[in-house]
file run22.txt (compact mmCIF, C-alpha atoms)
# COMPACT_ATOMS: atom_id res chain seq x y z
CA MET V 1 -24.31 -9.21 16.36
CA LYS V 2 -26.95 -6.76 15.12
CA ILE V 3 -26.64 -4.71 18.33
CA ALA V 4 -22.82 -4.70 18.00
CA PHE V 5 -23.06 -3.32 14.46
CA LYS V 6 -25.49 -0.59 15.53
CA LEU V 7 -23.33 0.48 18.45
CA ALA V 8 -20.14 0.39 16.34
CA PHE V 9 -21.77 2.47 13.59
CA LYS V 10 -23.08 5.00 16.11
CA ASN V 11 -19.66 5.30 17.76
CA LEU V 12 -17.92 5.87 14.42
CA ILE V 13 -20.34 8.57 13.32
CA GLY V 14 -20.04 10.20 16.73
CA ALA V 15 -16.24 10.32 16.47
CA GLY V 16 -16.56 12.87 13.67
CA LEU V 17 -13.33 14.10 12.07
CA ARG V 18 -11.23 11.27 13.52
CA THR V 19 -13.33 8.71 11.66
CA TRP V 20 -13.26 10.52 8.33
CA LEU V 21 -9.50 11.03 8.47
CA ASN V 22 -9.04 7.28 8.86
CA VAL V 23 -11.51 6.64 6.06
CA ALA V 24 -9.68 9.11 3.79
CA VAL V 25 -6.32 7.39 4.38
CA LEU V 26 -7.75 3.94 3.67
CA ALA V 27 -9.61 5.23 0.60
CA PHE V 28 -6.33 6.62 -0.75
CA CYS V 29 -4.63 3.25 -0.20
CA PHE V 30 -7.48 1.49 -2.01
CA ILE V 31 -7.32 3.82 -5.03
CA VAL V 32 -3.53 3.54 -5.40
CA ILE V 33 -3.52 -0.26 -5.12
CA VAL V 34 -6.37 -0.71 -7.61
CA PHE V 35 -5.03 1.87 -10.05
CA TYR V 36 -1.48 0.50 -10.22
CA ASN V 37 -2.61 -3.11 -10.48
CA GLY V 38 -5.00 -2.07 -13.24
CA PHE V 39 -2.08 -0.40 -15.03
CA LEU V 40 0.03 -3.57 -14.78
CA ASN V 41 -2.89 -5.67 -16.04
CA GLY V 42 -3.36 -3.33 -19.00
CA TRP V 43 0.37 -3.35 -19.78
CA GLN V 44 0.49 -7.15 -19.73
CA ASN V 45 -2.65 -7.55 -21.87
CA GLN V 46 -1.48 -5.01 -24.45
CA GLY V 47 2.06 -6.34 -24.54
CA ARG V 48 0.89 -9.91 -25.11
CA GLN V 49 -1.55 -8.82 -27.81
CA ASP V 50 1.07 -6.69 -29.61
CA ALA V 51 3.53 -9.59 -29.55
CA MET V 52 0.89 -11.89 -31.05
CA ASP V 53 -0.14 -9.36 -33.71
CA TRP V 54 3.36 -8.38 -34.81
CA GLU V 55 5.70 -11.29 -34.13
CA TYR V 56 4.44 -14.58 -32.70
CA GLY V 57 1.01 -15.11 -34.21
CA HIS V 58 -0.42 -18.14 -32.42
CA GLY V 59 2.93 -19.80 -31.85
CA GLN V 60 6.06 -20.60 -33.83
CA LEU V 61 7.50 -23.73 -35.37
CA LEU V 62 11.31 -23.41 -35.18
CA HIS V 63 13.94 -25.46 -36.95
CA ALA V 64 15.78 -27.63 -34.42
CA ASN V 65 19.11 -25.91 -35.21
CA TYR V 66 17.73 -22.37 -35.09
CA ASN V 67 17.85 -20.36 -31.88
CA PRO V 68 16.58 -16.76 -32.17
CA TYR V 69 18.87 -15.78 -29.27
CA ASP V 70 22.01 -17.25 -30.87
CA VAL V 71 23.30 -15.61 -34.06
CA PHE V 72 25.71 -18.51 -34.62
CA SER V 73 22.72 -20.81 -35.20
CA ILE V 74 21.47 -18.81 -38.18
CA GLN V 75 23.91 -20.24 -40.72
CA ASN V 76 22.63 -23.83 -40.43
CA GLY V 77 19.33 -23.22 -38.69
CA HIS V 78 16.97 -23.74 -41.61
CA GLY V 79 15.15 -26.53 -43.42
CA ASN V 80 12.14 -27.23 -45.61
CA LEU V 81 8.76 -28.82 -45.07
CA SER V 82 6.28 -30.31 -47.49
CA ALA V 83 3.26 -28.22 -48.47
CA GLU V 84 0.80 -30.34 -46.47
CA LYS V 85 2.79 -29.77 -43.29
CA THR V 86 2.97 -25.99 -43.76
CA GLU V 87 -0.78 -25.49 -43.98
CA ASP V 88 -1.81 -22.64 -41.63
CA LEU V 89 1.84 -21.65 -41.28
CA SER V 90 3.76 -18.65 -42.67
CA ALA V 91 7.45 -19.26 -43.39
CA VAL V 92 10.25 -16.90 -42.31
CA LEU V 93 13.85 -17.22 -43.49
CA VAL V 94 16.59 -15.50 -41.47
CA ARG V 95 20.08 -14.67 -42.79
CA GLN V 96 22.95 -12.47 -41.65
CA ALA V 97 24.13 -9.50 -43.69
CA SER V 98 25.73 -6.07 -43.47
CA VAL V 99 24.56 -2.68 -44.70
CA TYR V 100 26.72 0.36 -45.42
CA PRO V 101 24.78 3.59 -44.97
CA LYS V 102 27.08 6.51 -45.86
CA GLY V 103 30.12 4.25 -45.59
CA ARG V 104 29.30 2.96 -42.09
CA MET V 105 29.00 -0.79 -41.59
CA ASN V 106 26.01 -2.11 -39.64
CA PRO V 107 25.39 -5.83 -39.09
CA VAL V 108 21.75 -6.74 -39.71
CA LEU V 109 19.42 -9.70 -39.93
CA LEU V 110 17.66 -10.24 -43.23
CA LYS V 111 14.20 -11.67 -42.69
CA GLY V 112 12.13 -12.91 -45.58
CA ILE V 113 8.41 -13.48 -45.22
CA SER V 114 5.70 -14.13 -47.78
CA ILE V 115 4.24 -10.92 -49.19
CA ASP V 116 0.78 -12.54 -49.07
CA GLN V 117 0.97 -13.50 -45.37
CA LYS V 118 -1.90 -12.42 -43.09
CA VAL V 119 -0.86 -13.85 -39.75
CA ILE V 120 1.01 -10.78 -38.43
CA LYS V 121 0.50 -7.05 -38.98
CA LEU V 122 3.86 -6.45 -40.63
CA PRO V 123 2.97 -4.35 -43.76
CA ILE V 124 5.05 -6.52 -46.07
CA LYS V 125 2.42 -6.14 -48.83
CA LEU V 126 3.82 -2.69 -49.53
CA LEU V 127 6.76 -4.39 -51.26
CA ALA V 128 4.43 -5.86 -53.89
CA GLN V 129 3.73 -2.34 -55.17
CA SER V 130 7.40 -1.55 -55.72
CA ASP V 131 9.02 -1.41 -59.16
CA VAL V 132 12.63 -1.51 -57.90
CA GLU V 133 14.78 -4.67 -57.89
CA PHE V 134 15.53 -4.90 -54.16
CA PRO V 135 12.72 -3.27 -52.13
CA VAL V 136 12.88 -3.72 -48.35
CA LEU V 137 10.86 -2.82 -45.29
CA ILE V 138 12.40 -1.54 -42.07
CA GLY V 139 11.10 -0.34 -38.71
CA LYS V 140 11.26 3.16 -37.27
CA ARG V 141 14.04 2.26 -34.83
CA MET V 142 16.12 0.71 -37.60
CA ALA V 143 15.59 3.77 -39.79
CA GLU V 144 16.87 5.99 -36.98
CA THR V 145 19.89 3.75 -36.49
CA LEU V 146 20.79 3.77 -40.20
CA LYS V 147 19.72 7.42 -40.59
CA VAL V 148 17.67 6.64 -43.69
CA LYS V 149 14.18 7.46 -44.87
CA ALA V 150 11.71 5.93 -47.30
CA GLY V 151 13.10 5.93 -50.83
CA ASP V 152 16.78 5.88 -49.80
CA GLN V 153 19.18 3.33 -51.22
CA VAL V 154 21.73 1.48 -49.08
CA LEU V 155 24.45 -0.98 -50.04
CA LEU V 156 23.76 -4.48 -48.70
CA ARG V 157 26.25 -7.37 -48.56
CA TRP V 158 25.24 -10.96 -47.81
CA ARG V 159 26.40 -14.54 -48.32
CA ASP V 160 24.57 -17.26 -50.20
CA LYS V 161 24.20 -20.89 -49.11
CA ASN V 162 27.73 -21.69 -50.34
CA GLY V 163 29.32 -18.85 -48.36
CA THR V 164 29.90 -16.70 -51.43
CA TYR V 165 29.61 -12.95 -50.84
CA ASP V 166 27.27 -10.85 -52.96
CA ALA V 167 26.18 -7.23 -52.77
CA ALA V 168 23.49 -4.94 -54.16
CA ASN V 169 21.81 -1.62 -53.49
CA ILE V 170 18.54 -2.08 -51.62
CA THR V 171 15.75 0.52 -51.58
CA VAL V 172 13.85 1.38 -48.41
CA GLU V 173 10.33 1.04 -49.75
CA ALA V 174 8.56 1.88 -46.48
CA ILE V 175 9.15 2.39 -42.77
CA PHE V 176 6.72 0.84 -40.29
CA GLU V 177 6.18 1.62 -36.61
CA SER V 178 5.57 -1.05 -33.99
CA LYS V 179 5.91 -1.28 -30.22
CA VAL V 180 7.49 -4.73 -30.61
CA ALA V 181 11.18 -3.88 -30.78
CA THR V 182 12.22 -7.46 -31.55
CA ILE V 183 10.90 -7.22 -35.14
CA ASP V 184 12.54 -3.84 -35.68
CA ASN V 185 15.99 -3.37 -34.14
CA GLY V 186 18.77 -4.52 -36.45
CA GLN V 187 16.38 -6.14 -38.93
CA ILE V 188 15.53 -5.69 -42.60
CA TRP V 189 12.41 -7.35 -44.01
CA LEU V 190 11.91 -8.39 -47.61
CA GLY V 191 9.85 -10.82 -49.62
CA LEU V 192 10.51 -14.49 -48.86
CA ASP V 193 10.87 -15.44 -52.53
CA LYS V 194 13.39 -12.64 -53.06
CA LEU V 195 15.54 -13.68 -50.09
CA ARG V 196 15.46 -17.32 -51.20
CA GLU V 197 16.57 -16.25 -54.67
CA MET V 198 19.40 -14.10 -53.25
CA THR V 199 20.75 -16.88 -51.01
CA GLY V 200 19.90 -19.94 -53.12
CA LEU V 201 17.94 -21.46 -50.23
CA THR V 202 14.97 -22.65 -52.27
CA ASN V 203 11.93 -23.63 -50.16
CA GLU V 204 14.00 -23.17 -46.96
CA ALA V 205 12.75 -21.52 -43.76
CA SER V 206 14.21 -20.80 -40.32
CA TYR V 207 10.84 -20.85 -38.60
CA PHE V 208 7.13 -20.70 -39.28
CA ILE V 209 4.50 -18.45 -37.68
CA ALA V 210 1.31 -20.30 -36.81
CA HIS V 211 -2.14 -19.12 -37.81
CA GLU V 212 -5.05 -19.45 -35.40
CA ALA V 213 -6.27 -22.64 -37.07
CA TYR V 214 -2.92 -24.43 -36.81
CA GLN V 215 -2.91 -27.66 -34.81
CA PRO V 216 0.59 -28.49 -33.50
CA THR V 217 1.91 -31.95 -34.37
CA ALA V 218 5.28 -33.58 -33.79
CA ILE V 219 7.57 -32.98 -36.80
CA ALA V 220 11.08 -34.38 -36.88
CA GLY V 221 13.71 -31.65 -36.92
CA TRP V 222 11.26 -28.94 -35.86
CA GLU V 223 10.06 -27.71 -32.48
CA PHE V 224 6.79 -25.92 -31.84
CA GLN V 225 6.78 -23.18 -29.21
CA ALA V 226 3.43 -22.10 -27.79
CA LEU V 227 2.64 -18.53 -26.81
CA SER V 228 3.16 -19.35 -23.14
CA THR V 229 6.80 -20.19 -23.94
CA LEU V 230 7.41 -17.32 -26.36
CA LEU V 231 5.98 -14.75 -23.93
CA LYS V 232 7.68 -16.20 -20.87
CA ASP V 233 10.28 -13.43 -20.61
CA PHE V 234 7.70 -10.67 -21.00
CA ASP V 235 5.39 -12.23 -18.41
CA ALA V 236 8.35 -12.60 -16.05
CA ALA V 237 9.14 -8.88 -16.43
CA VAL V 238 5.56 -7.95 -15.54
CA GLN V 239 5.58 -10.38 -12.61
CA ALA V 240 8.81 -8.86 -11.32
CA GLU V 241 7.17 -5.44 -11.41
CA ARG V 242 4.18 -6.83 -9.50
CA ILE V 243 6.45 -8.24 -6.80
CA ALA V 244 8.29 -4.92 -6.50
CA SER V 245 5.00 -3.05 -6.24
CA VAL V 246 3.92 -5.22 -3.30
CA ILE V 247 6.56 -3.45 -1.21
CA ILE V 248 5.02 -0.08 -2.04
CA TYR V 249 1.52 -1.37 -1.29
CA SER V 250 2.68 -2.86 2.01
CA VAL V 251 4.25 0.39 3.19
CA LEU V 252 1.26 2.43 2.09
CA LEU V 253 -1.24 0.04 3.66
CA ALA V 254 0.82 -0.16 6.86
CA LEU V 255 0.59 3.62 7.26
CA GLY V 256 -3.18 3.50 6.83
CA LEU V 257 -3.57 0.59 9.26
CA LEU V 258 -1.29 2.32 11.76
CA ALA V 259 -3.78 5.17 11.91
CA VAL V 260 -6.58 2.68 12.62
CA PHE V 261 -4.47 0.92 15.26
CA ASP V 262 -3.65 4.20 17.05
CA THR V 263 -7.30 5.22 16.95
CA GLN V 264 -8.38 1.95 18.54
CA VAL V 265 -5.73 2.16 21.26
CA LEU V 266 -6.80 5.71 22.07
CA SER V 267 -10.47 4.73 22.05
CA ILE V 268 -9.96 1.92 24.55
CA PHE V 269 -7.95 4.24 26.81
CA ARG V 270 -10.46 7.11 26.70
CA ARG V 271 -13.67 5.04 26.73
CA GLN V 272 -13.07 3.09 29.91
CA LYS V 273 -16.33 4.25 31.50
CA GLU V 274 -18.23 3.33 28.34
CA ILE V 275 -16.73 -0.17 28.41
CA GLY V 276 -17.61 -0.49 32.09
CA THR V 277 -21.17 0.62 31.36
CA TYR V 278 -21.55 -2.03 28.63
CA ILE V 279 -20.46 -4.74 31.04
CA ALA V 280 -22.64 -3.35 33.84
CA LEU V 281 -25.63 -3.56 31.47
CA GLY V 282 -25.01 -7.28 31.01
CA MET V 283 -22.69 -7.51 28.03
CA THR V 284 -19.92 -10.07 28.18
CA ARG V 285 -16.32 -9.06 27.65
CA ASN V 286 -16.30 -10.83 24.29
CA GLN V 287 -19.33 -8.86 23.15
CA VAL V 288 -17.60 -5.59 24.01
CA LEU V 289 -14.48 -6.85 22.23
CA LYS V 290 -16.65 -7.54 19.20
CA ILE V 291 -17.96 -3.94 19.16
CA PHE V 292 -14.46 -2.46 19.04
CA THR V 293 -13.33 -4.95 16.42
CA ILE V 294 -16.34 -4.16 14.23
CA GLU V 295 -15.56 -0.46 14.58
CA GLY V 296 -12.11 -1.07 13.12
CA SER V 297 -13.47 -3.14 10.25
CA MET V 298 -16.02 -0.42 9.49
CA TYR V 299 -13.19 2.03 8.92
CA SER V 300 -12.00 -0.17 6.07
CA ILE V 301 -15.52 -0.75 4.73
CA PHE V 302 -16.16 2.99 4.60
CA GLY V 303 -12.66 3.49 3.16
CA GLY V 304 -13.26 0.92 0.41
CA ILE V 305 -16.66 2.41 -0.50
CA ALA V 306 -15.17 5.92 -0.52
CA GLY V 307 -12.29 4.66 -2.64
CA ILE V 308 -14.66 3.20 -5.23
CA ILE V 309 -16.76 6.38 -5.34
CA LEU V 310 -13.82 8.80 -5.44
CA GLY V 311 -11.72 6.62 -7.73
CA ALA V 312 -14.51 5.84 -10.22
CA PRO V 313 -13.94 9.02 -12.32
CA LEU V 314 -10.20 8.25 -12.52
CA PHE V 315 -10.81 4.60 -13.39
CA PHE V 316 -13.36 5.38 -16.10
CA TYR V 317 -11.25 8.18 -17.58
CA THR V 318 -8.12 6.03 -17.90
CA LEU V 319 -10.17 3.15 -19.30
CA SER V 320 -11.36 5.34 -22.18
CA GLN V 321 -8.37 7.68 -22.66
CA GLY V 322 -5.52 5.47 -21.45
CA ILE V 323 -2.32 6.56 -19.72
CA ASN V 324 0.25 8.28 -21.92
CA VAL V 325 3.65 6.92 -20.87
CA GLY V 326 5.45 8.37 -23.90
CA SER V 327 8.03 6.68 -26.10
CA GLU V 328 11.05 7.53 -23.93
CA ILE V 329 10.46 4.52 -21.69
CA GLU V 330 11.43 2.18 -24.56
CA GLY V 331 15.06 2.87 -23.81
CA MET V 332 14.66 0.92 -20.57
CA GLY V 333 14.42 -2.32 -22.57
CA VAL V 334 10.77 -3.07 -21.86
CA GLN V 335 7.90 -3.31 -24.29
CA PHE V 336 5.54 -0.36 -23.86
CA ALA V 337 2.92 1.22 -26.04
CA ASP V 338 2.76 5.03 -25.98
CA VAL V 339 -0.67 4.74 -24.36
CA ILE V 340 -1.53 2.03 -21.84
CA TYR V 341 -5.19 1.22 -21.19
CA PRO V 342 -5.60 -0.14 -17.65
CA THR V 343 -7.81 -3.14 -16.91
CA PHE V 344 -9.98 -2.91 -13.80
CA GLY V 345 -11.83 -6.17 -13.28
CA LEU V 346 -14.33 -7.11 -10.60
CA THR V 347 -11.78 -9.55 -9.19
CA LEU V 348 -9.26 -6.74 -8.68
CA LEU V 349 -11.78 -4.46 -6.96
CA ALA V 350 -13.24 -7.21 -4.77
CA GLY V 351 -9.83 -8.66 -3.89
CA THR V 352 -8.44 -5.28 -2.83
CA PHE V 353 -11.58 -4.58 -0.80
CA VAL V 354 -11.32 -7.92 1.02
CA ILE V 355 -7.62 -7.37 1.82
CA LEU V 356 -8.40 -3.91 3.17
CA VAL V 357 -11.24 -5.16 5.40
CA PHE V 358 -9.32 -8.20 6.65
CA THR V 359 -6.16 -6.28 7.61
CA ALA V 360 -8.11 -3.45 9.25
CA THR V 361 -10.16 -5.96 11.26
CA LEU V 362 -6.97 -7.69 12.38
CA VAL V 363 -5.24 -4.52 13.59
CA SER V 364 -8.45 -3.48 15.37
CA PHE V 365 -8.66 -6.80 17.18
CA LEU V 366 -5.09 -6.66 18.51
CA PRO V 367 -5.47 -3.63 20.85
CA ALA V 368 -9.06 -4.61 21.69
CA ARG V 369 -7.92 -7.94 23.17
CA LYS V 370 -7.17 -6.12 26.43
CA ILE V 371 -10.92 -5.86 26.96
CA SER V 372 -11.13 -9.66 27.33
CA LYS V 373 -8.96 -9.34 30.48
CA LEU V 374 -11.28 -6.87 32.18
CA ASN V 375 -11.95 -7.27 35.87
CA PRO V 376 -15.76 -6.96 36.30
CA VAL V 377 -15.33 -4.98 39.54
CA TYR V 378 -13.02 -2.44 37.90
CA ALA V 379 -15.29 -2.32 34.89
CA LEU V 380 -18.24 -1.22 37.02
CA LYS V 381 -16.06 1.65 38.25
CA GLY V 382 -15.10 2.60 34.68
CA ARG V 383 -11.56 1.29 35.02
CA ILE V 384 -9.77 -1.32 32.93
CA SER V 385 -7.31 -2.30 35.65

call {"tool": "encode", "arguments": {"input": "run22.txt", "output": "C-alpha cells"}}
result
Amino acid sequence: MKIAFKLAFKNLIGAGLRTWLNVAVLAFCFIVIVFYNGFLNGWQNQGRQDAMDWEYGHGQLLHANYNPYDVFSIQNGHGNLSAEKTEDLSAVLVRQASVYPKGRMNPVLLKGISIDQKVIKLPIKLLAQSDVEFPVLIGKRMAETLKVKAGDQVLLRWRDKNGTYDAANITVEAIFESKVATIDNGQIWLGLDKLREMTGLTNEASYFIAHEAYQPTAIAGWEFQALSTLLKDFDAAVQAERIASVIIYSVLLALGLLAVFDTQVLSIFRRQKEIGTYIALGMTRNQVLKIFTIEGSMYSIFGGIAGIILGAPLFFYTLSQGINVGSEIEGMGVQFADVIYPTFGLTLLAGTFVILVFTATLVSFLPARKISKLNPVYALKGRIS
C-alpha cells in the first residue's frame, strides 16, 4: 500500500497541468457546497432564534378553541387560568378589529400583552411612558400598510365580549422593526390590561408564551405547543431548500468527477507500457489497479485541501461580516434577516470532504477495472489487449 501511494503521488505530480486542473475543479465544487450549506445552516439558526426571541419564547400554551391560522376561532378562543398555573407564562389576548386610516378600512388583529413581560423582545414597555388614552405599538410593515408614522392617530373599531361595537382614536406610540413578519403584518399591539378593559374580557387570554423556566403540564382546555411544533413550517421551508440545492450540488460534482473519469480513461489508454512494466516487475493486476484508483482519490484529497485553503478567507469573512441579502427577499414569503451569518461546522467540512473523496475514488475505480482483465503476455509487450 505504501508503494502504491508513492507511485500514485509521483504520477500525479508528473502529470503537471492536467492534475492541477482537476484539483481546481474539485476545489471549486468543495467551496460551493460548503459555502451554500453554511448559508442554509446560518439562515435556519437565525430564523429559529428570531422566532423564539420575538414570538414563541420557549413554547406556547394555546386555548383549545384558538387556532392562530383560523380567524373564525378568535371570537371564542379564549379562557382564563388561575395565577398558580400561569407562573412562568405571559398572557396574550387576541381580538379582531378594523382601523380607518384616512377613511380606508383595514381589518387588523388586536393583540394585548403585559407591559411588564420579558419573555419576547417586543418593545411593549414603550406604552407605559405614554400619556394618551389609547397608545398602541405597530411594526414597520404595518406602518407602511396603514401609511402612518409614530404619533399619528387612527380610528379603531372593535367589538366587546357581548358583540357590541365600540370605537376610539388610537395613537401610534412607537413603530418597531422585526424580521418575524407574523408579529407585524396586520397586527396592532397594546397593553393586556387595556385590551381586557376595552373588550370586557377580564383575566382572559387566547394563549400564553412560555418562559425558559416553564415546565409543561396537562391543563384541561389548553394545549401546549413546543418549539419543534411551532417552528415546523419554517424548518420544512429550509429543508425544502436543502433538497433543491442537492440537485445543484449533484450537477456541479458530476462535472468535476467527469473530469477525473476522463483523465483516468486517458491515462490507462496512454500508459499501457507503464502498466505492462509494473506487471513485468512482479506486481499483480490488483496492485496496479490500486495505484490508478489511489491516483483518482488523490485528486479529491488535493481538491479538498485546496478548497479549505482557498475558501478559508471567504468562510472567515462571511462568519464575521455576514451575507447581506437585503430586505427585498421578504416579499417572497420567507423569514430572512437583512444579514445572514453562515455556520461552518467541523461536521460540514469533514462530511463534504468525505463525499468528495468517496465519489472521486469510485469514478477512478470504474475505468481502472479494465486493468484486472490484463493478459500477462500482452502486458509484457505494453499492450492491454

call {"tool": "closest_residue", "arguments": {"input": "run22.txt", "among": "V:Glu55, V:Val154, V:Ile31, V:Ser178", "to": "Pro313 (chain V)", "atoms": "all atoms listed in the file"}}
result
V:Ile31

call {"tool": "residues_around", "arguments": {"input": "run22.txt", "residues": "Ile120 (chain V)", "least_positions_apart": "6", "cutoff": "12 Å", "atoms": "only C-alpha atoms", "output": "MDAnalysis selection string"}}
result
chainID V and resid 49:60 89:92 113:114 178 180 183 208:212

call {"tool": "write_last_selection", "arguments": {"input": "run22.txt", "atoms": "C-alpha atoms", "output": "JSON list (two decimals), keeping the file's coordinate frame"}}
result
[["chain", "number", "residue", "atom", "x", "y", "z"],
["V", 49, "GLN", "CA", -1.55, -8.82, -27.81],
["V", 50, "ASP", "CA", 1.07, -6.69, -29.61],
["V", 51, "ALA", "CA", 3.53, -9.59, -29.55],
["V", 52, "MET", "CA", 0.89, -11.89, -31.05],
["V", 53, "ASP", "CA", -0.14, -9.36, -33.71],
["V", 54, "TRP", "CA", 3.36, -8.38, -34.81],
["V", 55, "GLU", "CA", 5.70, -11.29, -34.13],
["V", 56, "TYR", "CA", 4.44, -14.58, -32.70],
["V", 57, "GLY", "CA", 1.01, -15.11, -34.21],
["V", 58, "HIS", "CA", -0.42, -18.14, -32.42],
["V", 59, "GLY", "CA", 2.93, -19.80, -31.85],
["V", 60, "GLN", "CA", 6.06, -20.60, -33.83],
["V", 89, "LEU", "CA", 1.84, -21.65, -41.28],
["V", 90, "SER", "CA", 3.76, -18.65, -42.67],
["V", 91, "ALA", "CA", 7.45, -19.26, -43.39],
["V", 92, "VAL", "CA", 10.25, -16.90, -42.31],
["V", 113, "ILE", "CA", 8.41, -13.48, -45.22],
["V", 114, "SER", "CA", 5.70, -14.13, -47.78],
["V", 178, "SER", "CA", 5.57, -1.05, -33.99],
["V", 180, "VAL", "CA", 7.49, -4.73, -30.61],
["V", 183, "ILE", "CA", 10.90, -7.22, -35.14],
["V", 208, "PHE", "CA", 7.13, -20.70, -39.28],
["V", 209, "ILE", "CA", 4.50, -18.45, -37.68],
["V", 210, "ALA", "CA", 1.31, -20.30, -36.81],
["V", 211, "HIS", "CA", -2.14, -19.12, -37.81],
["V", 212, "GLU", "CA", -5.05, -19.45, -35.40]]

call {"tool": "axis_aligned_box", "arguments": {"input": "run22.txt", "around": "region 106-113 of chain V", "padding_each_side": "4 Å", "output": "lines of an AutoDock Vina configuration file"}}
result
center_x = 17.2
center_y = -7.8
center_z = -42.3
size_x = 25.6
size_y = 19.4
size_z = 14.5

call {"tool": "residues_around", "arguments": {"input": "run22.txt", "residues": "Asn67 (chain V)", "least_positions_apart": "6", "cutoff": "9 Å", "atoms": "only C-alpha atoms", "output": "ChimeraX atom specification"}}
result
/V:73-74,77

call {"tool": "write_last_selection", "arguments": {"input": "run22.txt", "atoms": "C-alpha atoms", "output": "PDB file, in the frame of the given file"}}
result
ATOM      1  CA  SER V  73      22.720 -20.810 -35.200  1.00  0.00           C
ATOM      2  CA  ILE V  74      21.470 -18.810 -38.180  1.00  0.00           C
ATOM      3  CA  GLY V  77      19.330 -23.220 -38.690  1.00  0.00           C
TER       4      GLY V  77
END

call {"tool": "closest_residue", "arguments": {"input": "run22.txt", "among": "V:Ser300, V:Thr277, V:Asn162, V:Leu319", "to": "Gly256 (chain V)", "atoms": "all atoms listed in the file"}}
result
V:Ser300

call {"tool": "closest_residue", "arguments": {"input": "run22.txt", "among": "V:Ile33, V:Gln75, V:Thr86, V:Thr202", "to": "Thr217 (chain V)", "atoms": "only C-alpha atoms"}}
result
V:Thr86

call {"tool": "atom_distance", "arguments": {"input": "run22.txt", "atom1": "CA of Ala205 (chain V)", "atom2": "CA of Ser82 (chain V)"}}
result
11.5 Å

call {"tool": "atom_distance", "arguments": {"input": "run22.txt", "atom1": "CA of Tyr317 (chain V)", "atom2": "CA of Gly42 (chain V)"}}
result
14.0 Å

call {"tool": "atom_distance", "arguments": {"input": "run22.txt", "atom1": "CA of Pro101 (chain V)", "atom2": "CA of Val148 (chain V)"}}
result
7.8 Å

call {"tool": "closest_residue", "arguments": {"input": "run22.txt", "among": "V:Leu122, V:Leu257, V:Ile323, V:Leu289", "to": "Ile340 (chain V)", "atoms": "only C-alpha atoms"}}
result
V:Ile323

call {"tool": "closest_residue", "arguments": {"input": "run22.txt", "among": "V:Tyr214, V:Lys10, V:Gly322, V:Pro135", "to": "Glu87 (chain V)", "atoms": "all atoms listed in the file"}}
result
V:Tyr214

call {"tool": "residues_around", "arguments": {"input": "run22.txt", "residues": "Gly186 (chain V)", "least_positions_apart": "6", "cutoff": "7 Å", "atoms": "only C-alpha atoms", "output": "PDB file with C-alpha atoms, keeping the file's coordinate frame"}}
result
ATOM      1  CA  VAL V 108      21.750  -6.740 -39.710  1.00  0.00           C
ATOM      2  CA  LEU V 109      19.420  -9.700 -39.930  1.00  0.00           C
ATOM      3  CA  MET V 142      16.120   0.710 -37.600  1.00  0.00           C
TER       4      MET V 142
END

call {"tool": "residues_around", "arguments": {"input": "run22.txt", "residues": "Val357 (chain V)", "least_positions_apart": "6", "cutoff": "8 Å", "atoms": "all atoms listed in the file", "output": "list in words"}}
result
Ser297, Met298, Ser300 and Ile301 of chain V

call {"tool": "closest_residue", "arguments": {"input": "run22.txt", "among": "V:Lys290, V:Lys194, V:Arg157, V:Lys179", "to": "Leu127 (chain V)", "atoms": "all atoms listed in the file"}}
result
V:Lys194

call {"tool": "residues_around", "arguments": {"input": "run22.txt", "residues": "Thr263 (chain V)", "least_positions_apart": "5", "cutoff": "10 Å", "atoms": "all atoms listed in the file", "output": "list of chain:residue names"}}
result
V:Arg18, V:Thr19, V:Asn22, V:Leu257, V:Leu258, V:Ile268, V:Phe269, V:Gly296, V:Ser364, V:Pro367

call {"tool": "write_last_selection", "arguments": {"input": "run22.txt", "atoms": "C-alpha atoms", "output": "mmCIF file, in the frame of the given file"}}
result
data_model
loop_
_atom_site.group_PDB
_atom_site.id
_atom_site.type_symbol
_atom_site.label_atom_id
_atom_site.label_comp_id
_atom_site.auth_asym_id
_atom_site.auth_seq_id
_atom_site.Cartn_x
_atom_site.Cartn_y
_atom_site.Cartn_z
ATOM 1 C CA ARG V 18 -11.230 11.270 13.520
ATOM 2 C CA THR V 19 -13.330 8.710 11.660
ATOM 3 C CA ASN V 22 -9.040 7.280 8.860
ATOM 4 C CA LEU V 257 -3.570 0.590 9.260
ATOM 5 C CA LEU V 258 -1.290 2.320 11.760
ATOM 6 C CA ILE V 268 -9.960 1.920 24.550
ATOM 7 C CA PHE V 269 -7.950 4.240 26.810
ATOM 8 C CA GLY V 296 -12.110 -1.070 13.120
ATOM 9 C CA SER V 364 -8.450 -3.480 15.370
ATOM 10 C CA PRO V 367 -5.470 -3.630 20.850
#

call {"tool": "decode", "arguments": {"input": "run22.txt", "residues": "region 134-141 of chain V", "atoms": "N, CA and C atoms", "output": "PDB file, in the first residue's frame"}}
result
ATOM      1  N   PHE V 134     -55.226  55.813  24.419  1.00  0.00           N
ATOM      2  CA  PHE V 134     -55.151  54.556  23.682  1.00  0.00           C
ATOM      3  C   PHE V 134     -53.819  54.457  22.913  1.00  0.00           C
ATOM      4  N   PRO V 135     -52.704  54.259  23.607  1.00  0.00           N
ATOM      5  CA  PRO V 135     -51.429  54.110  22.900  1.00  0.00           C
ATOM      6  C   PRO V 135     -51.278  52.684  22.361  1.00  0.00           C
ATOM      7  N   VAL V 136     -50.726  52.564  21.156  1.00  0.00           N
ATOM      8  CA  VAL V 136     -50.521  51.241  20.565  1.00  0.00           C
ATOM      9  C   VAL V 136     -49.121  51.162  19.969  1.00  0.00           C
ATOM     10  N   LEU V 137     -48.731  49.924  19.687  1.00  0.00           N
ATOM     11  CA  LEU V 137     -47.429  49.636  19.099  1.00  0.00           C
ATOM     12  C   LEU V 137     -47.661  48.852  17.812  1.00  0.00           C
ATOM     13  N   ILE V 138     -47.035  49.278  16.727  1.00  0.00           N
ATOM     14  CA  ILE V 138     -47.169  48.540  15.473  1.00  0.00           C
ATOM     15  C   ILE V 138     -45.793  48.310  14.857  1.00  0.00           C
ATOM     16  N   GLY V 139     -45.724  47.331  13.939  1.00  0.00           N
ATOM     17  CA  GLY V 139     -44.471  47.022  13.269  1.00  0.00           C
ATOM     18  C   GLY V 139     -44.262  47.881  12.034  1.00  0.00           C
ATOM     19  N   LYS V 140     -43.061  47.813  11.501  1.00  0.00           N
ATOM     20  CA  LYS V 140     -42.703  48.620  10.333  1.00  0.00           C
ATOM     21  C   LYS V 140     -43.561  48.276   9.121  1.00  0.00           C
ATOM     22  N   ARG V 141     -43.826  46.983   8.921  1.00  0.00           N
ATOM     23  CA  ARG V 141     -44.644  46.573   7.776  1.00  0.00           C
ATOM     24  C   ARG V 141     -46.070  47.115   7.909  1.00  0.00           C
TER      25      ARG V 141
END
